[in-house]
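Structure data (mmCIF, C-alpha atoms) from run_20.cif:
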data_start
#
loop_
_atom_site.label_atom_id
_atom_site.label_comp_id
_atom_site.auth_asym_id
_atom_site.auth_seq_id
_atom_site.Cartn_x
_atom_site.Cartn_y
_atom_site.Cartn_z
CA MET A 208 95.19 85.71 111.82
CA THR A 209 95.90 89.42 111.84
CA PRO A 210 97.30 90.41 115.25
CA ILE A 211 95.09 92.67 117.38
CA LEU A 212 96.59 95.68 119.17
CA TYR A 213 94.68 97.06 122.12
CA SER A 214 95.91 100.63 122.38
CA PHE A 215 95.22 103.99 124.01
CA ARG A 216 96.26 106.99 121.97
CA ARG A 217 97.93 109.10 124.66
CA CYS A 218 99.64 106.30 126.59
CA PRO A 219 103.42 106.47 126.04
CA TYR A 220 103.72 102.70 126.30
CA ALA A 221 101.14 102.30 123.54
CA MET A 222 102.86 105.03 121.51
CA ARG A 223 106.10 103.15 121.39
CA ALA A 224 104.35 99.93 120.41
CA ARG A 225 102.66 101.78 117.53
CA LEU A 226 105.97 103.37 116.51
CA ALA A 227 107.63 99.97 116.11
CA LEU A 228 104.65 98.44 114.31
CA ALA A 229 104.60 101.40 111.93
CA ALA A 230 108.36 101.21 111.32
CA SER A 231 108.15 97.49 110.63
CA GLY A 232 105.05 97.82 108.45
CA THR A 233 103.50 94.92 110.34
CA GLN A 234 99.74 95.12 109.89
CA VAL A 235 97.51 94.80 112.95
CA HIS A 236 93.89 95.48 113.80
CA LEU A 237 93.91 98.40 116.22
CA ARG A 238 91.32 98.57 118.97
CA GLU A 239 91.23 101.87 120.86
CA VAL A 240 90.56 101.30 124.56
CA VAL A 241 89.05 103.85 126.93
CA LEU A 242 90.80 103.08 130.21
CA ARG A 243 87.79 103.84 132.41
CA ASP A 244 85.62 101.53 130.29
CA LYS A 245 87.78 98.53 129.40
CA PRO A 246 86.00 96.04 127.15
CA ASP A 247 85.62 92.41 128.22
CA ALA A 248 87.58 91.17 125.18
CA PHE A 249 90.56 93.29 126.24
CA LEU A 250 90.37 92.13 129.87
CA ALA A 251 90.25 88.54 128.66
CA ALA A 252 93.27 89.07 126.39
CA SER A 253 95.57 91.12 128.64
CA PRO A 254 97.06 89.36 131.68
CA THR A 255 97.69 92.74 133.32
CA ALA A 256 94.66 94.64 131.96
CA THR A 257 97.01 97.36 130.71
CA VAL A 258 97.62 98.83 127.26
CA PRO A 259 99.22 98.07 124.96
CA CYS A 260 98.40 94.42 124.50
CA LEU A 261 99.16 92.64 121.24
CA VAL A 262 97.21 89.44 120.62
CA THR A 263 99.14 87.16 118.26
CA GLU A 264 98.63 83.60 117.05
CA THR A 265 100.91 82.36 119.81
CA GLY A 266 99.28 84.39 122.58
CA PRO A 267 99.23 87.90 124.04
CA ILE A 268 102.27 90.15 124.35
CA ASP A 269 101.58 92.46 127.26
CA GLU A 270 104.76 94.53 127.61
CA SER A 271 105.30 97.46 125.26
CA LEU A 272 109.02 96.84 124.80
CA ASP A 273 108.32 93.19 123.96
CA ILE A 274 105.76 94.36 121.36
CA MET A 275 108.42 96.62 119.84
CA LYS A 276 110.90 93.74 119.64
CA TRP A 277 108.26 91.40 118.22
CA ALA A 278 107.31 93.87 115.49
CA LEU A 279 110.93 94.52 114.55
CA ALA A 280 111.65 90.78 114.50
CA GLN A 281 109.02 90.54 111.75
CA ASN A 282 110.65 93.32 109.73
CA ASP A 283 113.26 95.93 110.68
CA PRO A 284 113.93 97.97 107.54
CA GLU A 285 115.64 100.81 109.45
CA GLY A 286 117.79 98.54 111.61
CA TRP A 287 116.44 99.67 114.97
CA LEU A 288 117.49 96.40 116.59
CA ASP A 289 121.07 96.85 115.34
CA MET A 290 121.86 98.91 118.42
CA PRO A 291 124.91 99.14 120.66
CA PRO A 292 124.47 97.16 123.90
CA GLU A 293 124.40 100.43 125.87
CA GLY A 294 121.02 101.14 124.30
CA HIS A 295 119.39 98.57 126.56
CA GLY A 296 120.87 100.37 129.54
CA TRP A 297 119.36 103.67 128.43
CA ILE A 298 115.96 102.02 127.99
CA ALA A 299 116.22 100.40 131.44
CA ARG A 300 117.01 103.77 133.05
CA ALA A 301 114.09 105.38 131.24
CA ASP A 302 111.64 102.61 132.13
CA GLY A 303 112.82 102.40 135.74
CA PRO A 304 114.12 105.41 137.68
CA PHE A 305 113.07 108.06 135.13
CA LYS A 306 109.50 106.78 134.76
CA ASP A 307 109.17 106.43 138.54
CA ALA A 308 110.24 110.05 139.00
CA LEU A 309 108.04 111.19 136.09
CA ASP A 310 104.96 109.60 137.68
CA ARG A 311 105.72 111.12 141.08
CA THR A 312 106.04 114.53 139.42
CA LYS A 313 103.01 114.33 137.14
CA TYR A 314 100.68 112.50 139.52
CA ALA A 315 101.92 114.02 142.79
CA THR A 316 98.57 113.58 144.56
CA ARG A 317 98.92 109.81 144.19
CA TYR A 318 102.21 109.92 146.10
CA PRO A 319 101.56 112.18 149.12
CA ASP A 320 104.75 111.02 150.85
CA GLU A 321 106.95 112.12 147.93
CA ASP A 322 108.24 115.63 147.20
CA PRO A 323 107.34 116.37 143.56
CA GLU A 324 110.17 118.90 143.23
CA ALA A 325 112.71 116.33 144.40
CA GLN A 326 111.21 113.81 141.99
CA ARG A 327 111.45 116.29 139.13
CA GLY A 328 115.11 116.71 140.05
CA LYS A 329 115.64 112.95 139.80
CA ALA A 330 114.01 112.90 136.37
CA ALA A 331 116.16 115.85 135.32
CA GLU A 332 119.34 113.95 136.22
CA PHE A 333 118.47 111.32 133.64
CA LEU A 334 117.60 113.96 131.03
CA HIS A 335 120.87 115.80 131.71
CA ASP A 336 122.79 112.57 131.07
CA LEU A 337 120.72 111.86 127.96
CA ASP A 338 121.38 115.36 126.62
CA ALA A 339 125.12 114.73 126.99
CA GLN A 340 124.81 111.46 125.05
CA LEU A 341 122.72 112.85 122.19
CA ASN A 342 123.82 114.28 118.91
CA ASP A 343 120.95 113.88 116.47
CA TRP A 344 120.23 110.48 118.04
CA ILE A 345 121.35 108.52 121.10
CA PHE A 346 123.84 106.73 118.86
CA ASP A 347 124.95 107.60 115.32
CA ARG A 348 121.51 106.84 113.82
CA PRO A 349 118.01 106.09 115.10
CA THR A 350 117.62 102.83 117.02
CA LEU A 351 115.17 101.09 119.32
CA ALA A 352 116.44 103.19 122.24
CA ASP A 353 115.33 106.48 120.68
CA TYR A 354 111.80 105.37 119.94
CA ALA A 355 111.41 103.46 123.20
CA ILE A 356 112.35 106.57 125.22
CA LEU A 357 110.94 109.50 123.22
CA PRO A 358 107.27 109.02 124.25
CA PHE A 359 108.23 109.26 127.92
CA VAL A 360 110.39 112.36 127.45
CA ARG A 361 107.39 113.87 125.66
CA GLN A 362 105.16 113.00 128.61
CA PHE A 363 107.59 114.58 131.07
CA ALA A 364 108.06 117.71 128.94
CA PHE A 365 104.36 118.50 128.97
CA ILE A 366 104.01 118.33 132.74
CA ASP A 367 105.43 121.87 132.78
CA LYS A 368 106.49 122.84 129.28
CA THR A 369 107.69 126.31 130.32
CA TRP A 370 110.02 124.81 132.91
CA PHE A 371 111.16 122.08 130.52
CA ASP A 372 111.91 124.52 127.70
CA ALA A 373 114.00 126.64 130.05
CA GLN A 374 116.40 123.78 130.85
CA ASP A 375 119.85 123.82 129.25
CA TRP A 376 119.44 120.62 127.27
CA PRO A 377 120.01 121.75 123.67
CA ALA A 378 120.51 118.32 122.11
CA LEU A 379 117.55 116.86 124.02
CA HIS A 380 115.25 119.71 122.96
CA HIS A 381 116.26 119.29 119.32
CA TRP A 382 115.75 115.51 119.52
CA LEU A 383 112.30 115.82 121.05
CA ASP A 384 111.16 118.69 118.81
CA ARG A 385 112.21 116.81 115.69
CA PHE A 386 110.16 113.84 116.87
CA LEU A 387 107.07 115.88 117.74
CA THR A 388 107.03 117.57 114.32
CA SER A 389 107.76 114.39 112.37
CA GLN A 390 105.45 112.62 109.99
CA ARG A 391 106.16 109.45 111.94
CA PHE A 392 104.74 110.90 115.16
CA GLU A 393 101.75 112.37 113.37
CA SER A 394 101.02 109.02 111.73
CA ILE A 395 100.80 107.13 115.04
CA MET A 396 98.63 109.78 116.75
CA THR A 397 95.52 109.44 114.59
CA LYS A 398 92.39 109.64 116.72
CA TYR A 399 90.21 106.53 116.65
CA PRO A 400 86.80 106.03 118.24
CA GLN A 401 86.47 103.71 121.21
CA TRP A 402 86.41 100.12 119.96
CA GLN A 403 83.16 98.25 120.44
CA PRO A 404 82.50 94.55 119.81
CA GLY A 405 81.18 94.12 116.29
CA ASP A 406 83.06 97.12 114.87
CA ALA A 407 84.70 96.66 111.47
CA PRO A 408 88.48 96.07 111.86
CA THR A 409 90.72 99.17 111.89
CA SER A 410 93.96 98.41 110.06
CA PHE A 411 97.21 99.89 111.41
CA PRO A 412 99.55 101.14 110.12
#

Show this structure as structure tokens.
Amino acid sequence: MTPILYSFRRCPYAMRARLALAASGTQVHLREVVLRDKPDAFLAASPTATVPCLVTETGPIDESLDIMKWALAQNDPEGWLDMPPEGHGWIARADGPFKDALDRTKYATRYPDEDPEAQRGKAAEFLHDLDAQLNDWIFDRPTLADYAILPFVRQFAFIDKTWFDAQDWPALHHWLDRFLTSQRFESIMTKYPQWQPGDAPTSFP
């Protein structure tokens, strides 16, 4: 069976799943989900009812990082998994404290007891450290860490792009800009119509 990827174009978690699938060349059938109108097949497949969800022969994979690792275990032509151990620490910081602060900055009305400026400061601490680590990449070449983290830095940058662009993070700005103008990013951001039962399969990549 061809695996099925339930995805949402603008979700950073779904972006990183698509990045790894594209890099590995592992073919899936993509089903674009509209989050306010989740189809029954998706709700039946996803234990958490969140995108991305990859349905494989052995069952669903419901965490985006696990989807990345699964795809690269099938084929990893660029060696993304050949990453220094510190890469997992960078991903954990991005997925934990940075994403928490990002959400409390971007969706401040959902967190009335939090100060969005203080939360932006917490996110900035991570980005300051990341800027210090970066040359062209987090390590000496692109790895899983870069492509697991880039979609979330993109999401944070566009909360207030003027503010973000004014920060003294030269390596980080170069890293993000190179990603946003890359063919790789363009290729995973194709717009697809909302999937409906009975639609012809959409192959990705």

Discussion item. Since I can't run it myself right now, could you work out what the PyMOL selection byres ((chain A and resi 248-264) around 7) selects here and report it as a ChimeraX atom specification?
Written reply: /A:208,210-215,220-221,245-247,265-269,271,274

Practice prompt. Find the distance between atom CA of A:Pro349 and atom CA of A:Met396 and write it in Å to one decimal.
Written response: 19.8 Å

Discussion item. Which residues are close to A:Thr312, i.e. within 8 Å by only C-alpha atoms, leaving aside same-chain residues fewer than 4 positions away? Reply as a list of chain:residue names.
Written reply: A:Ala308, A:Pro323, A:Glu324, A:Gln326, A:Arg327, A:Ile366

Worksheet item: Mind telling me what the PyMOL selection byres ((chain A and resi 223) around 9) catches here, as a VMD selection string?
Response: chain A and resid 218 to 222 224 to 228 271 to 272 274 to 275 354 to 358

Generate the output file for the selected residues, C-alpha atoms, as a PDB file, keeping the file's coordinate frame.
ATOM      1  CA  CYS A 218      99.640 106.300 126.590  1.00  0.00           C
ATOM      2  CA  PRO A 219     103.420 106.470 126.040  1.00  0.00           C
ATOM      3  CA  TYR A 220     103.720 102.700 126.300  1.00  0.00           C
ATOM      4  CA  ALA A 221     101.140 102.300 123.540  1.00  0.00           C
ATOM      5  CA  MET A 222     102.860 105.030 121.510  1.00  0.00           C
ATOM      6  CA  ALA A 224     104.350  99.930 120.410  1.00  0.00           C
ATOM      7  CA  ARG A 225     102.660 101.780 117.530  1.00  0.00           C
ATOM      8  CA  LEU A 226     105.970 103.370 116.510  1.00  0.00           C
ATOM      9  CA  ALA A 227     107.630  99.970 116.110  1.00  0.00           C
ATOM     10  CA  LEU A 228     104.650  98.440 114.310  1.00  0.00           C
ATOM     11  CA  SER A 271     105.300  97.460 125.260  1.00  0.00           C
ATOM     12  CA  LEU A 272     109.020  96.840 124.800  1.00  0.00           C
ATOM     13  CA  ILE A 274     105.760  94.360 121.360  1.00  0.00           C
ATOM     14  CA  MET A 275     108.420  96.620 119.840  1.00  0.00           C
ATOM     15  CA  TYR A 354     111.800 105.370 119.940  1.00  0.00           C
ATOM     16  CA  ALA A 355     111.410 103.460 123.200  1.00  0.00           C
ATOM     17  CA  ILE A 356     112.350 106.570 125.220  1.00  0.00           C
ATOM     18  CA  LEU A 357     110.940 109.500 123.220  1.00  0.00           C
ATOM     19  CA  PRO A 358     107.270 109.020 124.250  1.00  0.00           C
TER      20      PRO A 358
END

Apply the PyMOL selection byres ((chain A and resi 342-346) around 12) to the structure shown and report the selected residues as an mmCIF file with C-alpha atoms, keeping the file's coordinate frame.
data_model
loop_
_atom_site.group_PDB
_atom_site.id
_atom_site.type_symbol
_atom_site.label_atom_id
_atom_site.label_comp_id
_atom_site.auth_asym_id
_atom_site.auth_seq_id
_atom_site.Cartn_x
_atom_site.Cartn_y
_atom_site.Cartn_z
ATOM 1 C CA TRP A 287 116.440 99.670 114.970
ATOM 2 C CA ASP A 289 121.070 96.850 115.340
ATOM 3 C CA MET A 290 121.860 98.910 118.420
ATOM 4 C CA PRO A 291 124.910 99.140 120.660
ATOM 5 C CA PRO A 292 124.470 97.160 123.900
ATOM 6 C CA GLU A 293 124.400 100.430 125.870
ATOM 7 C CA GLY A 294 121.020 101.140 124.300
ATOM 8 C CA HIS A 295 119.390 98.570 126.560
ATOM 9 C CA GLY A 296 120.870 100.370 129.540
ATOM 10 C CA TRP A 297 119.360 103.670 128.430
ATOM 11 C CA ILE A 298 115.960 102.020 127.990
ATOM 12 C CA LEU A 334 117.600 113.960 131.030
ATOM 13 C CA ASP A 336 122.790 112.570 131.070
ATOM 14 C CA LEU A 337 120.720 111.860 127.960
ATOM 15 C CA ASP A 338 121.380 115.360 126.620
ATOM 16 C CA ALA A 339 125.120 114.730 126.990
ATOM 17 C CA GLN A 340 124.810 111.460 125.050
ATOM 18 C CA LEU A 341 122.720 112.850 122.190
ATOM 19 C CA ASP A 347 124.950 107.600 115.320
ATOM 20 C CA ARG A 348 121.510 106.840 113.820
ATOM 21 C CA PRO A 349 118.010 106.090 115.100
ATOM 22 C CA THR A 350 117.620 102.830 117.020
ATOM 23 C CA LEU A 351 115.170 101.090 119.320
ATOM 24 C CA ALA A 352 116.440 103.190 122.240
ATOM 25 C CA ASP A 353 115.330 106.480 120.680
ATOM 26 C CA TYR A 354 111.800 105.370 119.940
ATOM 27 C CA ALA A 355 111.410 103.460 123.200
ATOM 28 C CA ILE A 356 112.350 106.570 125.220
ATOM 29 C CA LEU A 357 110.940 109.500 123.220
ATOM 30 C CA TRP A 376 119.440 120.620 127.270
ATOM 31 C CA PRO A 377 120.010 121.750 123.670
ATOM 32 C CA ALA A 378 120.510 118.320 122.110
ATOM 33 C CA LEU A 379 117.550 116.860 124.020
ATOM 34 C CA HIS A 380 115.250 119.710 122.960
ATOM 35 C CA HIS A 381 116.260 119.290 119.320
ATOM 36 C CA TRP A 382 115.750 115.510 119.520
ATOM 37 C CA LEU A 383 112.300 115.820 121.050
ATOM 38 C CA ASP A 384 111.160 118.690 118.810
ATOM 39 C CA ARG A 385 112.210 116.810 115.690
ATOM 40 C CA PHE A 386 110.160 113.840 116.870
#

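Residue neighbourhood of A:Pro284, excluding near-sequence residues (fewer than 6 positions): Ala230, Ser231 and Gly232 of chain A, at 10 Å, using all atoms listed in the file.
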
Worksheet item: Which polymer residues have any atom within 8 Å of an atom of A:Phe333, counting only C-alpha atoms, with same-chain residues fewer than 6 positions away left out, as a ChimeraX atom specification?
Response: /A:300-301,305

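In this structure, atom CA of A:Ala299 sits 29.5 Å away from atom CA of A:Lys398.
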
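Closest approach to A:Pro304 among A:Ala229, A:Ala280, A:Ala330, A:Leu288: A:Ala330, based on all atoms listed in the file.
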
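Computed from the coordinates, the atom CA of A:Gln234 to atom CA of A:Ala278 distance equals 9.5 Å.
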
Fill in: Selected residue of minimal separation from A:Gln281 among A:Glu393, A:Thr233, A:Arg216, A:Gly328, counting all atoms listed in the file
A:Thr233

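Candidate residues A:Arg317, A:Thr209, A:Arg391, A:Trp402 were compared for distance to A:Asp244, and the nearest is A:Trp402, using only C-alpha atoms.
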
Worksheet entry | A:Ala325 environment, 12 Å, only C-alpha atoms, sequence neighbours closer than 6 positions dropped, as JSON, numbers by chain | {"A": [308, 309, 311, 312, 315, 331, 332]}
